[in-house]
Amino acid sequence: MRKVLKLIGFISATLILFLIVSSLAFYYLIRVGEFRRFLVDEIQNQTDLKVQLGAADLEMGLITGIVFRDLALSETGETQPVITAERITARVALLPLLRRQVIVYEIRLVRPTARLERDAEGRFVLVDKLLNLPLLTQQHNEFSFDLHSLKADGADIEFADHAPGGGVG
């Protein structure tokens, strides 16, 4: 019985130590701003969108993630952003942090607003830009992107259809 209790104690201590080390590694990446700079640079370099992100915070608990405040994506040369959100949370897997990899598997947007326009050929230009990011398809040394879900709480979407026979909604 004593051996079982010692084994359970050892496993519990190891698990707690793992959570602490993973959290500290994650916090270090956030604190230095590597992850924030990486996201902003990749999106701006691969699309013609201007990215503005507010302060980043670490959210610990059942859901471990990064919380960015005041997201704004705007087209180059336009003053009005096409996508805004009060808050964006990126959930992150803890185990890959030990290998210096950040795997984002859920993104949650709080009160996002978006202006979607369909061109005359029936394509959504903004959606095409975001879906064709090399960030989503290529493997990087330090960051991986494995998105399982995208959630929006309280979304407001404005849709304009410039295709023949389309309307404005």
# chains A, B, ... in the order shown; residues from 1 in each chain; ligands from 1

call {"tool": "residues_around", "arguments": {"residues": "stretch 63-79 of chain A", "least_positions_apart": "6", "cutoff": "8 Å", "atoms": "only C-alpha atoms", "output": "ChimeraX atom specification"}}
result
/A:30,48-57,85-94

call {"tool": "select_by_dssp", "arguments": {"residues": "stretch 12-154 of chain A", "states": "strand (DSSP E)", "output": "PyMOL selection string"}}
result
chain A and resi 49-52+56-59+65-75+83-92+102-110+113-118+143-153

call {"tool": "closest_residue", "arguments": {"among": "A:Ile16, A:Val40, A:Leu109, A:Leu116", "to": "A:Pro81", "atoms": "only C-alpha atoms"}}
result
A:Leu116

call {"tool": "closest_atom_pairs", "arguments": {"of": "stretch 20-132 of chain A", "to": "stretch 11-15 of chain A", "cutoff": "12 Å", "atoms": "only C-alpha atoms", "output": "JSON lines"}}
result
{"residue": "A:Ile20", "atom": "CA", "partner": "A:Leu15", "partner_atom": "CA", "distance": 8.7}
{"residue": "A:Val21", "atom": "CA", "partner": "A:Leu15", "partner_atom": "CA", "distance": 10.0}
{"residue": "A:Ser22", "atom": "CA", "partner": "A:Leu15", "partner_atom": "CA", "distance": 10.5}
{"residue": "A:Leu94", "atom": "CA", "partner": "A:Leu15", "partner_atom": "CA", "distance": 12.0}
{"residue": "A:Leu95", "atom": "CA", "partner": "A:Leu15", "partner_atom": "CA", "distance": 11.4}

call {"tool": "atom_distance", "arguments": {"atom1": "atom CA of A:Gln44", "atom2": "atom CA of A:Arg99"}}
result
26.8 Å

call {"tool": "closest_residue", "arguments": {"among": "A:Ala114, A:Ala160, A:Leu131, A:Val104", "to": "A:His148", "atoms": "only C-alpha atoms"}}
result
A:Val104

call {"tool": "atom_distance", "arguments": {"atom1": "atom CA of A:Phe159", "atom2": "atom CA of A:Val110"}}
result
19.2 Å

call {"tool": "residues_around", "arguments": {"residues": "A:Val127", "least_positions_apart": "6", "cutoff": "12 Å", "atoms": "only C-alpha atoms", "output": "PyMOL selection string"}}
result
chain A and resi 47+49+82-83+114-119+133
